[in-house]
file query-v7.cif (mmCIF, C-alpha atoms)
data_target
loop_
_atom_site.label_atom_id
_atom_site.label_comp_id
_atom_site.auth_asym_id
_atom_site.auth_seq_id
_atom_site.Cartn_x
_atom_site.Cartn_y
_atom_site.Cartn_z
CA MET A 1 117.00 264.66 30.72
CA ARG A 2 117.43 266.45 34.05
CA TRP A 3 114.20 264.90 35.36
CA TRP A 4 115.23 261.49 34.07
CA SER A 5 118.66 261.76 35.70
CA ALA A 6 117.11 262.79 39.02
CA ALA A 7 114.68 259.88 38.87
CA ASN A 8 117.49 257.47 38.00
CA PHE A 9 119.57 258.71 40.93
CA VAL A 10 116.70 258.10 43.34
CA SER A 11 116.01 254.67 41.84
CA ASN A 12 119.67 253.61 41.90
CA ALA A 13 120.03 254.73 45.51
CA GLY A 14 116.94 252.70 46.44
CA THR A 15 118.14 249.65 44.53
CA TRP A 16 121.56 249.61 46.17
CA MET A 17 119.95 250.17 49.56
CA GLN A 18 117.78 247.11 49.00
CA LEU A 19 120.68 244.97 47.70
CA THR A 20 122.73 245.82 50.77
CA VAL A 21 119.83 245.15 53.13
CA GLN A 22 118.94 241.92 51.32
CA ASN A 23 122.37 240.46 52.06
CA LEU A 24 121.97 241.40 55.71
CA LEU A 25 118.47 239.91 55.77
CA VAL A 26 119.65 236.58 54.33
CA LEU A 27 122.41 236.42 56.92
CA GLN A 28 119.87 237.18 59.63
CA ILE A 29 117.53 234.42 58.43
CA THR A 30 120.09 231.70 57.69
CA GLY A 31 123.39 232.79 59.21
CA SER A 32 125.05 231.44 56.06
CA ALA A 33 127.32 233.34 53.67
CA ALA A 34 126.65 230.67 51.05
CA ALA A 35 122.93 231.44 51.22
CA THR A 36 123.74 235.11 50.61
CA GLY A 37 125.60 234.19 47.46
CA LEU A 38 122.70 231.96 46.41
CA SER A 39 120.20 234.83 46.68
CA MET A 40 122.42 237.02 44.53
CA SER A 41 122.81 234.27 41.93
CA VAL A 42 119.05 233.65 41.82
CA GLN A 43 118.44 237.33 41.12
CA ALA A 44 121.14 237.40 38.43
CA ALA A 45 120.24 234.09 36.77
CA PRO A 46 117.26 235.41 34.72
CA ALA A 47 119.64 237.73 32.89
CA LEU A 48 121.39 234.64 31.52
CA PHE A 49 118.25 232.89 30.25
CA VAL A 50 115.58 235.57 29.73
CA SER A 51 117.52 238.66 28.58
CA LEU A 52 117.08 237.82 24.89
CA LEU A 53 113.31 237.77 25.31
CA GLY A 54 113.46 240.91 27.43
CA GLY A 55 115.41 242.73 24.72
CA ALA A 56 112.89 241.60 22.10
CA ALA A 57 110.07 242.97 24.24
CA VAL A 58 111.84 246.33 24.49
CA ASP A 59 112.11 246.52 20.70
CA ARG A 60 108.44 245.72 20.19
CA TRP A 61 106.71 247.64 22.96
CA HIS A 62 106.26 251.37 23.49
CA ARG A 63 109.40 252.39 25.35
CA ARG A 64 108.02 254.87 27.88
CA LEU A 65 105.09 252.60 28.69
CA THR A 66 107.48 249.66 29.11
CA VAL A 67 109.65 251.61 31.55
CA ALA A 68 106.66 252.90 33.54
CA VAL A 69 105.13 249.41 33.87
CA SER A 70 108.43 247.65 34.70
CA GLN A 71 109.29 250.25 37.35
CA ALA A 72 105.81 249.93 38.88
CA LEU A 73 106.19 246.12 38.99
CA LEU A 74 109.60 246.40 40.65
CA GLY A 75 108.03 248.75 43.17
CA ALA A 76 105.26 246.24 43.86
CA VAL A 77 107.82 243.48 44.53
CA ALA A 78 109.71 245.77 46.93
CA PHE A 79 106.51 246.67 48.80
CA ALA A 80 105.51 243.00 49.01
CA THR A 81 108.89 242.16 50.52
CA ALA A 82 108.60 245.06 52.97
CA LEU A 83 105.18 243.79 54.10
CA LEU A 84 106.44 240.24 54.64
CA VAL A 85 109.42 241.55 56.62
CA ALA A 86 107.21 243.84 58.73
CA LEU A 87 104.84 240.95 59.53
CA ASP A 88 107.78 238.62 60.24
CA ARG A 89 106.55 236.21 57.55
CA ILE A 90 109.65 236.27 55.37
CA ASP A 91 111.66 233.09 54.93
CA MET A 92 114.36 231.92 52.55
CA PRO A 93 112.09 230.32 49.90
CA ALA A 94 109.92 233.45 49.71
CA LEU A 95 112.97 235.68 49.48
CA LEU A 96 114.42 233.58 46.64
CA VAL A 97 111.13 233.71 44.73
CA LEU A 98 110.95 237.50 45.10
CA ALA A 99 114.58 237.81 44.00
CA ALA A 100 113.90 235.69 40.91
CA VAL A 101 110.83 237.78 40.01
CA THR A 102 112.92 240.94 40.38
CA GLY A 103 115.55 239.47 38.08
CA VAL A 104 112.98 238.60 35.40
CA ILE A 105 111.47 242.10 35.42
CA ALA A 106 114.95 243.63 35.28
CA THR A 107 115.64 241.86 31.97
CA VAL A 108 113.08 244.20 30.41
CA ASP A 109 113.58 247.22 32.64
CA GLY A 110 117.38 247.49 32.17
CA PRO A 111 117.55 247.89 28.36
CA ALA A 112 114.32 249.91 28.27
CA CYS A 113 115.67 252.48 30.75
CA ALA A 114 119.04 252.68 28.98
CA LEU A 115 117.49 253.34 25.57
CA LEU A 116 114.86 255.75 26.91
CA GLY A 117 117.62 257.96 28.33
CA ASN A 118 119.27 258.10 24.89
CA ASP A 119 116.01 259.21 23.29
CA LEU A 120 115.89 262.36 25.43
CA VAL A 121 118.91 264.10 23.86
CA PRO A 122 120.03 264.98 20.31
CA VAL A 123 121.84 262.14 18.58
CA ALA A 124 125.22 263.90 18.83
CA ASP A 125 124.85 263.99 22.65
CA VAL A 126 124.09 260.27 23.14
CA PRO A 127 127.65 259.43 24.35
CA SER A 128 127.38 262.29 26.85
CA ALA A 129 123.98 261.04 27.99
CA ILE A 130 125.48 257.60 28.62
CA GLY A 131 128.30 259.23 30.60
CA VAL A 132 125.76 261.12 32.71
CA GLY A 133 123.92 257.83 33.30
CA SER A 134 127.15 256.22 34.48
CA LEU A 135 127.77 259.13 36.82
CA VAL A 136 124.24 258.90 38.22
CA HIS A 137 124.66 255.15 38.71
CA SER A 138 127.93 255.57 40.64
CA ALA A 139 126.51 258.35 42.82
CA GLY A 140 123.36 256.34 43.50
CA ARG A 141 125.41 253.29 44.46
CA LEU A 142 127.44 255.27 47.00
CA THR A 143 124.35 256.97 48.42
CA GLY A 144 122.25 253.80 48.61
CA THR A 145 124.97 251.75 50.28
CA ALA A 146 125.49 254.48 52.88
CA LEU A 147 121.76 254.93 53.51
CA ALA A 148 121.19 251.21 53.98
CA GLY A 149 122.89 251.05 57.36
CA VAL A 150 121.28 254.28 58.56
CA THR A 151 117.80 253.20 57.48
CA VAL A 152 118.05 249.75 59.05
CA GLY A 153 119.49 251.21 62.26
CA PHE A 154 116.75 253.80 62.76
CA LEU A 155 113.69 252.47 60.91
CA GLY A 156 114.25 248.75 60.39
CA THR A 157 114.74 246.42 57.42
CA ALA A 158 111.17 246.75 56.15
CA ALA A 159 111.62 250.52 55.81
CA ALA A 160 114.57 250.02 53.46
CA TYR A 161 112.47 247.84 51.13
CA ALA A 162 109.59 250.33 51.31
CA ALA A 163 111.94 253.19 50.44
CA ASN A 164 113.11 251.28 47.37
CA GLY A 165 109.48 250.72 46.38
CA LEU A 166 108.85 254.47 46.58
CA SER A 167 111.93 255.14 44.43
CA PHE A 168 110.50 252.94 41.66
CA LEU A 169 107.14 254.69 41.85
CA PHE A 170 108.92 258.05 41.54
CA VAL A 171 110.48 256.92 38.25
CA ALA A 172 107.14 255.59 36.99
CA ALA A 173 105.53 258.94 37.82
CA VAL A 174 108.21 260.92 35.95
CA VAL A 175 108.18 258.83 32.75
CA PRO A 176 104.84 260.10 31.30
CA PHE A 177 106.19 263.67 31.30
CA LEU A 178 109.36 262.84 29.34
CA ARG A 179 109.50 263.93 25.71
CA PRO A 180 111.98 262.42 23.20
CA ALA A 181 114.31 264.77 21.38
CA PRO A 182 113.33 265.56 17.75
CA GLY A 183 114.20 262.66 15.47
CA ALA A 184 114.93 260.28 18.34
CA ALA A 185 112.53 257.64 17.11
CA ALA A 186 114.13 257.60 13.66
CA ARG A 187 117.79 257.31 14.61
CA GLU A 188 119.50 254.78 12.39
CA PRO A 189 123.23 254.14 11.86
CA VAL A 190 124.66 254.57 8.41
CA ALA A 191 125.41 250.88 7.89
CA GLU A 192 121.94 249.57 8.65
CA VAL A 193 121.00 245.99 7.90
CA PRO A 194 117.75 246.07 5.91
CA ALA A 195 114.83 244.22 7.37
CA ALA A 196 113.33 241.32 5.49
CA PRO A 197 110.44 242.33 3.22
CA GLY A 198 107.05 242.22 4.83
CA ARG A 199 108.39 241.86 8.38
CA ALA A 200 107.90 244.72 10.77
CA GLU A 201 109.69 243.02 13.63
CA MET A 202 112.80 240.92 13.92
CA SER A 203 113.04 237.68 15.84
CA VAL A 204 115.37 236.93 18.72
CA ARG A 205 117.42 234.71 16.42
CA GLU A 206 117.93 237.54 13.95
CA GLY A 207 119.07 239.80 16.77
CA LEU A 208 121.63 237.18 17.75
CA THR A 209 122.70 236.88 14.12
CA PHE A 210 123.22 240.64 13.87
CA PHE A 211 125.42 240.63 16.94
CA ALA A 212 127.47 237.64 15.79
CA ARG A 213 128.03 239.14 12.32
CA ARG A 214 129.02 242.57 13.59
CA PRO A 215 132.83 242.31 14.10
CA ARG A 216 133.06 245.46 16.22
CA LEU A 217 130.44 244.15 18.65
CA VAL A 218 132.17 240.78 18.86
CA ALA A 219 135.49 242.56 19.48
CA LEU A 220 133.84 244.73 22.14
CA ALA A 221 132.50 241.60 23.83
CA GLY A 222 135.96 240.04 23.81
CA ILE A 223 137.66 243.12 25.25
CA THR A 224 135.05 243.58 27.96
CA GLY A 225 134.97 239.87 28.78
CA ILE A 226 138.70 239.39 29.34
CA SER A 227 138.87 242.69 31.24
CA SER A 228 135.94 241.71 33.47
CA VAL A 229 137.37 238.31 34.33
CA PHE A 230 141.02 239.22 34.89
CA GLY A 231 141.04 242.95 35.54
CA ARG A 232 138.01 244.38 37.27
CA ASN A 233 137.24 242.16 40.22
CA TYR A 234 139.06 244.59 42.48
CA GLY A 235 136.74 243.80 45.35
CA LEU A 236 138.44 240.39 45.43
CA THR A 237 142.01 240.96 44.24
CA LEU A 238 142.69 244.23 46.05
CA ALA A 239 141.02 242.96 49.23
CA VAL A 240 143.45 240.03 49.35
CA LEU A 241 146.40 242.25 48.39
CA VAL A 242 145.66 244.87 51.05
CA THR A 243 144.92 242.46 53.88
CA GLY A 244 147.70 240.02 52.88
CA PRO A 245 151.02 241.19 51.37
CA LEU A 246 150.45 244.86 52.31
CA ALA A 247 149.45 243.94 55.90
CA GLY A 248 146.47 246.30 55.99
CA GLY A 249 143.14 245.77 57.70
CA ALA A 250 139.50 246.24 56.87
CA GLY A 251 139.88 249.99 57.34
CA ALA A 252 142.69 250.11 54.77
CA PHE A 253 140.60 248.24 52.23
CA GLY A 254 137.71 250.62 52.96
CA THR A 255 140.01 253.50 52.01
CA VAL A 256 140.98 251.72 48.78
CA SER A 257 137.29 251.11 47.98
CA THR A 258 136.51 254.79 48.54
CA VAL A 259 139.29 255.85 46.16
CA LEU A 260 137.96 253.37 43.59
CA ALA A 261 134.49 254.92 43.90
CA VAL A 262 135.83 258.45 43.53
CA GLY A 263 137.82 257.39 40.47
CA GLY A 264 134.70 255.85 38.98
CA ILE A 265 132.80 259.12 39.36
CA LEU A 266 135.66 261.14 37.85
CA GLY A 267 135.85 258.67 34.96
CA ALA A 268 132.12 259.00 34.33
CA VAL A 269 132.50 262.79 34.13
CA LEU A 270 135.35 262.42 31.63
CA GLY A 271 133.48 259.76 29.69
CA ALA A 272 130.53 262.11 29.27
CA ARG A 273 132.80 264.34 27.17
CA LEU A 274 133.43 261.64 24.56
CA HIS A 275 131.86 262.53 21.22
CA LYS A 276 132.78 259.61 18.94
CA PRO A 277 133.81 256.62 21.04
CA SER A 278 135.00 253.53 19.18
CA VAL A 279 135.98 249.94 19.94
CA ARG A 280 139.60 250.96 19.39
CA THR A 281 139.21 253.60 22.12
CA VAL A 282 137.73 251.01 24.46
CA GLY A 283 140.59 248.61 23.74
CA LEU A 284 143.33 251.18 24.28
CA LEU A 285 141.78 252.32 27.56
CA ALA A 286 141.36 248.73 28.74
CA ALA A 287 145.01 247.99 27.89
CA ALA A 288 146.14 251.13 29.76
CA GLY A 289 144.12 250.06 32.79
CA ALA A 290 145.63 246.58 32.60
CA LEU A 291 149.18 247.98 32.64
CA LEU A 292 148.28 250.12 35.66
CA GLN A 293 146.98 246.94 37.28
CA VAL A 294 150.35 245.26 36.70
CA VAL A 295 152.13 248.11 38.46
CA ALA A 296 149.54 248.05 41.28
CA GLY A 297 150.23 244.34 41.79
CA LEU A 298 153.88 245.21 42.41
CA SER A 299 153.08 248.01 44.90
CA PRO A 300 155.53 247.94 47.81
CA SER A 301 153.18 249.80 50.17
CA LEU A 302 149.58 250.86 50.69
CA ALA A 303 150.44 254.49 49.88
CA VAL A 304 151.76 253.53 46.44
CA LEU A 305 148.67 251.39 45.83
CA LEU A 306 146.36 254.31 46.66
CA VAL A 307 148.20 256.49 44.13
CA LEU A 308 147.66 253.86 41.42
CA VAL A 309 144.08 252.94 42.29
CA LEU A 310 142.65 256.33 41.32
CA PRO A 311 143.84 256.33 37.66
CA MET A 312 142.91 252.64 37.41
CA ALA A 313 139.32 253.46 38.35
CA VAL A 314 139.22 256.53 36.08
CA VAL A 315 140.45 254.58 33.03
CA GLU A 316 138.05 251.71 33.75
CA SER A 317 135.08 254.08 34.03
CA VAL A 318 135.90 255.96 30.81
CA SER A 319 136.39 252.64 29.01
CA ASP A 320 133.02 251.38 30.26
CA THR A 321 131.29 254.59 29.15
CA ALA A 322 132.86 254.39 25.70
CA GLY A 323 131.91 250.73 25.34
CA THR A 324 128.32 251.37 26.39
CA ALA A 325 128.07 254.22 23.88
CA VAL A 326 129.23 251.93 21.07
CA LEU A 327 126.87 249.17 22.19
CA GLN A 328 123.81 251.44 22.31
CA THR A 329 124.44 253.42 19.13
CA ASP A 330 125.94 250.91 16.67
CA PRO A 331 122.88 248.67 16.02
CA PRO A 332 119.81 249.88 14.09
CA ALA A 333 117.22 251.49 16.34
CA HIS A 334 114.75 248.60 15.95
CA LEU A 335 117.41 246.09 17.12
CA ARG A 336 118.99 247.87 20.06
CA GLY A 337 116.85 246.16 22.68
CA ARG A 338 117.84 242.74 21.35
CA VAL A 339 121.52 243.68 21.22
CA LEU A 340 121.35 244.83 24.85
CA GLY A 341 119.63 241.54 25.68
CA VAL A 342 122.49 239.58 24.09
CA TRP A 343 124.97 241.74 25.96
CA SER A 344 123.20 241.15 29.26
CA SER A 345 123.38 237.39 28.78
CA ILE A 346 127.09 237.57 27.95
CA GLY A 347 127.75 239.84 30.92
CA THR A 348 125.99 237.41 33.25
CA VAL A 349 128.33 234.63 32.10
CA TRP A 350 131.30 236.85 32.95
CA GLY A 351 129.78 237.79 36.29
CA LEU A 352 129.12 234.19 37.32
CA GLY A 353 132.27 232.62 35.87
CA GLY A 354 134.83 235.38 36.44
CA PRO A 355 135.22 235.28 40.24
CA PRO A 356 135.81 231.49 40.41
CA LEU A 357 138.41 231.67 37.62
CA LEU A 358 140.13 234.58 39.29
CA GLY A 359 140.00 232.76 42.61
CA LEU A 360 141.79 229.77 41.09
CA LEU A 361 144.43 232.10 39.63
CA MET A 362 144.93 233.70 43.05
CA GLU A 363 145.24 230.27 44.66
CA TRP A 364 147.98 229.44 42.18
CA ALA A 365 149.84 232.78 41.92
CA GLY A 366 148.72 234.81 44.94
CA ALA A 367 147.19 238.29 44.90
CA ARG A 368 150.23 239.97 43.36
CA GLY A 369 150.65 237.26 40.77
CA ALA A 370 146.95 237.38 39.82
CA LEU A 371 147.05 241.16 39.31
CA VAL A 372 150.28 241.02 37.27
CA ALA A 373 149.33 237.97 35.20
CA GLY A 374 145.80 239.24 34.61
CA GLY A 375 147.02 242.67 33.54
CA LEU A 376 149.59 241.22 31.14
CA LEU A 377 147.00 238.84 29.70
CA ILE A 378 144.55 241.69 29.06
CA ALA A 379 147.12 244.05 27.53
CA GLY A 380 148.69 241.27 25.44
CA SER A 381 145.35 240.06 24.09
CA ILE A 382 144.20 243.55 23.14
CA GLY A 383 147.57 244.36 21.55
CA ALA A 384 147.47 241.14 19.52
CA GLY A 385 143.93 241.91 18.40
CA LEU A 386 144.85 245.40 17.23
CA LEU A 387 147.86 244.02 15.37
CA VAL A 388 145.80 241.36 13.60
CA ARG A 389 143.17 243.92 12.67
CA ARG A 390 145.80 246.27 11.21
CA ARG A 391 147.44 243.52 9.15
CA GLY A 392 144.16 242.05 8.03
CA GLY A 393 142.62 245.25 6.69
CA PRO A 394 140.96 245.46 3.25
CA LEU A 395 143.21 245.61 0.17
CA PRO A 396 142.50 248.13 -2.60
CA VAL A 397 141.08 246.57 -5.80
CA ALA A 398 141.44 248.28 -9.19
CA LEU A 399 138.49 247.75 -11.52
CA ALA A 400 138.60 248.86 -15.17
CA ALA A 401 135.65 250.77 -16.61
CA LYS A 402 134.00 249.58 -19.81
CA ASP A 403 131.24 251.38 -21.69
CA GLY A 404 130.57 253.61 -18.72
CA ASP A 405 130.11 250.69 -16.32
CA VAL A 406 132.31 248.98 -13.74
CA ALA A 407 133.77 245.59 -14.54
CA GLY A 408 132.74 242.82 -12.23
CA ARG A 409 129.76 244.67 -10.72
CA SER A 410 128.22 241.47 -9.33
CA ALA A 411 131.47 240.54 -7.61
CA LEU A 412 131.80 244.06 -6.28
CA GLY A 413 128.29 243.88 -4.82
CA THR A 414 129.11 240.59 -3.12
CA ALA A 415 132.28 242.08 -1.62
CA ALA A 416 130.39 245.12 -0.41
#
call {"tool": "encode", "arguments": {"input": "query-v7.cif", "output": "structure tokens"}}
result
Amino acid sequence: MRWWSAANFVSNAGTWMQLTVQNLLVLQITGSAAATGLSMSVQAAPALFVSLLGGAAVDRWHRRLTVAVSQALLGAVAFATALLVALDRIDMPALLVLAAVTGVIATVDGPACALLGNDLVPVADVPSAIGVGSLVHSAGRLTGTALAGVTVGFLGTAAAYAANGLSFLFVAAVVPFLRPAPGAAAREPVAEVPAAPGRAEMSVREGLTFFARRPRLVALAGITGISSVFGRNYGLTLAVLVTGPLAGGAGAFGTVSTVLAVGGILGAVLGARLHKPSVRTVGLLAAAGALLQVVAGLSPSLAVLLVLVLPMAVVESVSDTAGTAVLQTDPPAHLRGRVLGVWSSIGTVWGLGGPPLLGLLMEWAGARGALVAGGLLIAGSIGAGLLVRRRGGPLPVALAAKDGDVAGRSALGTAA
């Protein structure tokens, strides 16, 4: 697990370095901010359409081999981009094609890497392993974003892509030496859905059916969706709040972003200490974060906002860690890749649709109004859901015994 975490840190740093440099490269080629957004959308689009197939592949293929091959392919794409940049042969169509290829490979690589990390620890430590992964991701993002400017300034854009290629190869080289924890391949939840007789594998449709018929996963999707759309686009809402009503500049927003990053790391550390996360935990944390967001929207000064931003980021990070733990441990082991594929598709919808919806809300209510209204909407929705769940719980049924049997056994089986 230590080797895997080190490899993930290097890979995440390289990935964020490349993402940062890619935006700069598109601006250099086209001079258009819209083209930058287009390149990001092209890279994200495969997650919407191909993630279900990617999750199915993860369930069917050998996990370590899948990770090693996907990482090597991502490295090859990065090296190809570096070569085109070094030879001054890169243009917008080529960059979009490379971004799309990267997105397709990532639909397999993402769930495979997530599940491989869980296999390296005892089952009781899976939530902690997910917390460590979140911490590594946050640290890699900070490091990669910082290294991007330094690398481009001293070595050039091609060097940044080449460095990312090397980071992928490092992961691929580490994978063959990883050994799953005892019993990792046989982990199954208690309430497992039995597979159909004579079928060793499940189809994409059956993976979708499992997700749709699992109320806790549907509830988790609802909580995460409404929080993502109205509560976590702080790069947009807080940027407008700081530079508008609070009369701060780019430097002030940079300070807010740094505090958000620090809070995310602290939250990942706390999330790693969760032993039995649940959807209820995720909902309560999301509601708490939403109420903090309401107060932040009413901040009279930048100093007050900075005090509130840290706990907001901590609560968000712990909630994300708890939700990821539920998502990766609730389904049967042979279905987890498909469930992550469904989740990736849903998350892409939030990612593409959330910012425009939030932008419309900000146009109508302003930055403060969007933060307050969004926070109240999140907290109210989660509170209503918890209330409905409590009132709609199962009722006890008394069944009389007769001749040593239970009356109405067939009906009882149907209910179960």
call {"tool": "resolve_selection", "arguments": {"input": "query-v7.cif", "expression": "the PyMOL selection byres ((chain A and resi 217) around 10)", "output": "NGL selection string"}}
result
:A and (210-216 or 218-223 or 279 or 323 or 326-327 or 330-331 or 339 or 343)
call {"tool": "write_last_selection", "arguments": {"input": "query-v7.cif", "atoms": "C-alpha atoms", "output": "CSV table (one decimal), in the coordinates of the input"}}
result
chain,number,residue,atom,x,y,z
A,210,PHE,CA,123.2,240.6,13.9
A,211,PHE,CA,125.4,240.6,16.9
A,212,ALA,CA,127.5,237.6,15.8
A,213,ARG,CA,128.0,239.1,12.3
A,214,ARG,CA,129.0,242.6,13.6
A,215,PRO,CA,132.8,242.3,14.1
A,216,ARG,CA,133.1,245.5,16.2
A,218,VAL,CA,132.2,240.8,18.9
A,219,ALA,CA,135.5,242.6,19.5
A,220,LEU,CA,133.8,244.7,22.1
A,221,ALA,CA,132.5,241.6,23.8
A,222,GLY,CA,136.0,240.0,23.8
A,223,ILE,CA,137.7,243.1,25.2
A,279,VAL,CA,136.0,249.9,19.9
A,323,GLY,CA,131.9,250.7,25.3
A,326,VAL,CA,129.2,251.9,21.1
A,327,LEU,CA,126.9,249.2,22.2
A,330,ASP,CA,125.9,250.9,16.7
A,331,PRO,CA,122.9,248.7,16.0
A,339,VAL,CA,121.5,243.7,21.2
A,343,TRP,CA,125.0,241.7,26.0
call {"tool": "residues_around", "arguments": {"input": "query-v7.cif", "residues": "Val318 of chain A", "least_positions_apart": "2", "cutoff": "9 Å", "atoms": "all atoms listed in the file", "output": "ChimeraX atom specification"}}
result
/A:131,264,266-272,274,282,285,313-316,320-323
call {"tool": "closest_residue", "arguments": {"input": "query-v7.cif", "among": "A:Ala94, A:Ala7, A:Leu241, A:Val262", "to": "Phe170 of chain A", "atoms": "only C-alpha atoms"}}
result
A:Ala7
call {"tool": "closest_residue", "arguments": {"input": "query-v7.cif", "among": "A:Gly283, A:Pro277, A:Gly117, A:Gly55", "to": "Leu386 of chain A", "atoms": "only C-alpha atoms"}}
result
A:Gly283
call {"tool": "residues_around", "arguments": {"input": "query-v7.cif", "residues": "Ser299 of chain A", "least_positions_apart": "2", "cutoff": "12 Å", "atoms": "only C-alpha atoms", "output": "PDB file with C-alpha atoms, in the coordinates of the input"}}
result
ATOM      1  CA  LEU A 238     142.690 244.230  46.050  1.00  0.00           C
ATOM      2  CA  LEU A 241     146.400 242.250  48.390  1.00  0.00           C
ATOM      3  CA  VAL A 242     145.660 244.870  51.050  1.00  0.00           C
ATOM      4  CA  PRO A 245     151.020 241.190  51.370  1.00  0.00           C
ATOM      5  CA  LEU A 246     150.450 244.860  52.310  1.00  0.00           C
ATOM      6  CA  LEU A 292     148.280 250.120  35.660  1.00  0.00           C
ATOM      7  CA  GLN A 293     146.980 246.940  37.280  1.00  0.00           C
ATOM      8  CA  VAL A 294     150.350 245.260  36.700  1.00  0.00           C
ATOM      9  CA  VAL A 295     152.130 248.110  38.460  1.00  0.00           C
ATOM     10  CA  ALA A 296     149.540 248.050  41.280  1.00  0.00           C
ATOM     11  CA  GLY A 297     150.230 244.340  41.790  1.00  0.00           C
ATOM     12  CA  SER A 301     153.180 249.800  50.170  1.00  0.00           C
ATOM     13  CA  LEU A 302     149.580 250.860  50.690  1.00  0.00           C
ATOM     14  CA  ALA A 303     150.440 254.490  49.880  1.00  0.00           C
ATOM     15  CA  VAL A 304     151.760 253.530  46.440  1.00  0.00           C
ATOM     16  CA  LEU A 305     148.670 251.390  45.830  1.00  0.00           C
ATOM     17  CA  LEU A 306     146.360 254.310  46.660  1.00  0.00           C
ATOM     18  CA  VAL A 307     148.200 256.490  44.130  1.00  0.00           C
ATOM     19  CA  LEU A 308     147.660 253.860  41.420  1.00  0.00           C
ATOM     20  CA  VAL A 309     144.080 252.940  42.290  1.00  0.00           C
ATOM     21  CA  ALA A 367     147.190 238.290  44.900  1.00  0.00           C
ATOM     22  CA  ARG A 368     150.230 239.970  43.360  1.00  0.00           C
ATOM     23  CA  GLY A 369     150.650 237.260  40.770  1.00  0.00           C
ATOM     24  CA  LEU A 371     147.050 241.160  39.310  1.00  0.00           C
ATOM     25  CA  VAL A 372     150.280 241.020  37.270  1.00  0.00           C
TER      26      VAL A 372
END
call {"tool": "atom_distance", "arguments": {"input": "query-v7.cif", "atom1": "atom CA of Met1 of chain A", "atom2": "atom CA of Ala129 of chain A"}}
result
8.3 Å
call {"tool": "residues_around", "arguments": {"input": "query-v7.cif", "residues": "Ala173 of chain A", "least_positions_apart": "4", "cutoff": "10 Å", "atoms": "all atoms listed in the file", "output": "PyMOL selection string"}}
result
chain A and resi 7+68+71-72+167-169+177
call {"tool": "resolve_selection", "arguments": {"input": "query-v7.cif", "expression": "the PyMOL selection byres ((chain A and resi 355) around 10)", "output": "short mmCIF file (atom, residue, chain, number, x, y, z; two decimals) with C-alpha atoms, in the frame of the given file"}}
result
data_model
loop_
_atom_site.label_atom_id
_atom_site.label_comp_id
_atom_site.auth_asym_id
_atom_site.auth_seq_id
_atom_site.Cartn_x
_atom_site.Cartn_y
_atom_site.Cartn_z
CA SER A 228 135.94 241.71 33.47
CA VAL A 229 137.37 238.31 34.33
CA PHE A 230 141.02 239.22 34.89
CA ARG A 232 138.01 244.38 37.27
CA ASN A 233 137.24 242.16 40.22
CA LEU A 236 138.44 240.39 45.43
CA THR A 237 142.01 240.96 44.24
CA TRP A 350 131.30 236.85 32.95
CA GLY A 351 129.78 237.79 36.29
CA LEU A 352 129.12 234.19 37.32
CA GLY A 353 132.27 232.62 35.87
CA GLY A 354 134.83 235.38 36.44
CA PRO A 356 135.81 231.49 40.41
CA LEU A 357 138.41 231.67 37.62
CA LEU A 358 140.13 234.58 39.29
CA GLY A 359 140.00 232.76 42.61
CA LEU A 360 141.79 229.77 41.09
CA LEU A 361 144.43 232.10 39.63
#
call {"tool": "atom_distance", "arguments": {"input": "query-v7.cif", "atom1": "atom CA of Gly263 of chain A", "atom2": "atom CA of Gly385 of chain A"}}
result
27.6 Å
call {"tool": "closest_residue", "arguments": {"input": "query-v7.cif", "among": "A:Phe9, A:Phe49, A:Tyr161, A:Tyr234", "to": "Val256 of chain A", "atoms": "all atoms listed in the file"}}
result
A:Tyr234
call {"tool": "closest_residue", "arguments": {"input": "query-v7.cif", "among": "A:Ser128, A:Thr107, A:Gln43, A:Asn164", "to": "Arg273 of chain A", "atoms": "only C-alpha atoms"}}
result
A:Ser128
call {"tool": "residues_around", "arguments": {"input": "query-v7.cif", "residues": "Gly156 of chain A", "least_positions_apart": "3", "cutoff": "12 Å", "atoms": "all atoms listed in the file", "output": "JSON, numbers by chain"}}
result
{"A": [21, 24, 25, 82, 85, 86, 147, 148, 149, 150, 151, 152, 153, 159, 160, 161, 162, 163]}
call {"tool": "write_last_selection", "arguments": {"input": "query-v7.cif", "atoms": "C-alpha atoms", "output": "PDB file, keeping the file's coordinate frame"}}
result
ATOM      1  CA  VAL A  21     119.830 245.150  53.130  1.00  0.00           C
ATOM      2  CA  LEU A  24     121.970 241.400  55.710  1.00  0.00           C
ATOM      3  CA  LEU A  25     118.470 239.910  55.770  1.00  0.00           C
ATOM      4  CA  ALA A  82     108.600 245.060  52.970  1.00  0.00           C
ATOM      5  CA  VAL A  85     109.420 241.550  56.620  1.00  0.00           C
ATOM      6  CA  ALA A  86     107.210 243.840  58.730  1.00  0.00           C
ATOM      7  CA  LEU A 147     121.760 254.930  53.510  1.00  0.00           C
ATOM      8  CA  ALA A 148     121.190 251.210  53.980  1.00  0.00           C
ATOM      9  CA  GLY A 149     122.890 251.050  57.360  1.00  0.00           C
ATOM     10  CA  VAL A 150     121.280 254.280  58.560  1.00  0.00           C
ATOM     11  CA  THR A 151     117.800 253.200  57.480  1.00  0.00           C
ATOM     12  CA  VAL A 152     118.050 249.750  59.050  1.00  0.00           C
ATOM     13  CA  GLY A 153     119.490 251.210  62.260  1.00  0.00           C
ATOM     14  CA  ALA A 159     111.620 250.520  55.810  1.00  0.00           C
ATOM     15  CA  ALA A 160     114.570 250.020  53.460  1.00  0.00           C
ATOM     16  CA  TYR A 161     112.470 247.840  51.130  1.00  0.00           C
ATOM     17  CA  ALA A 162     109.590 250.330  51.310  1.00  0.00           C
ATOM     18  CA  ALA A 163     111.940 253.190  50.440  1.00  0.00           C
TER      19      ALA A 163
END
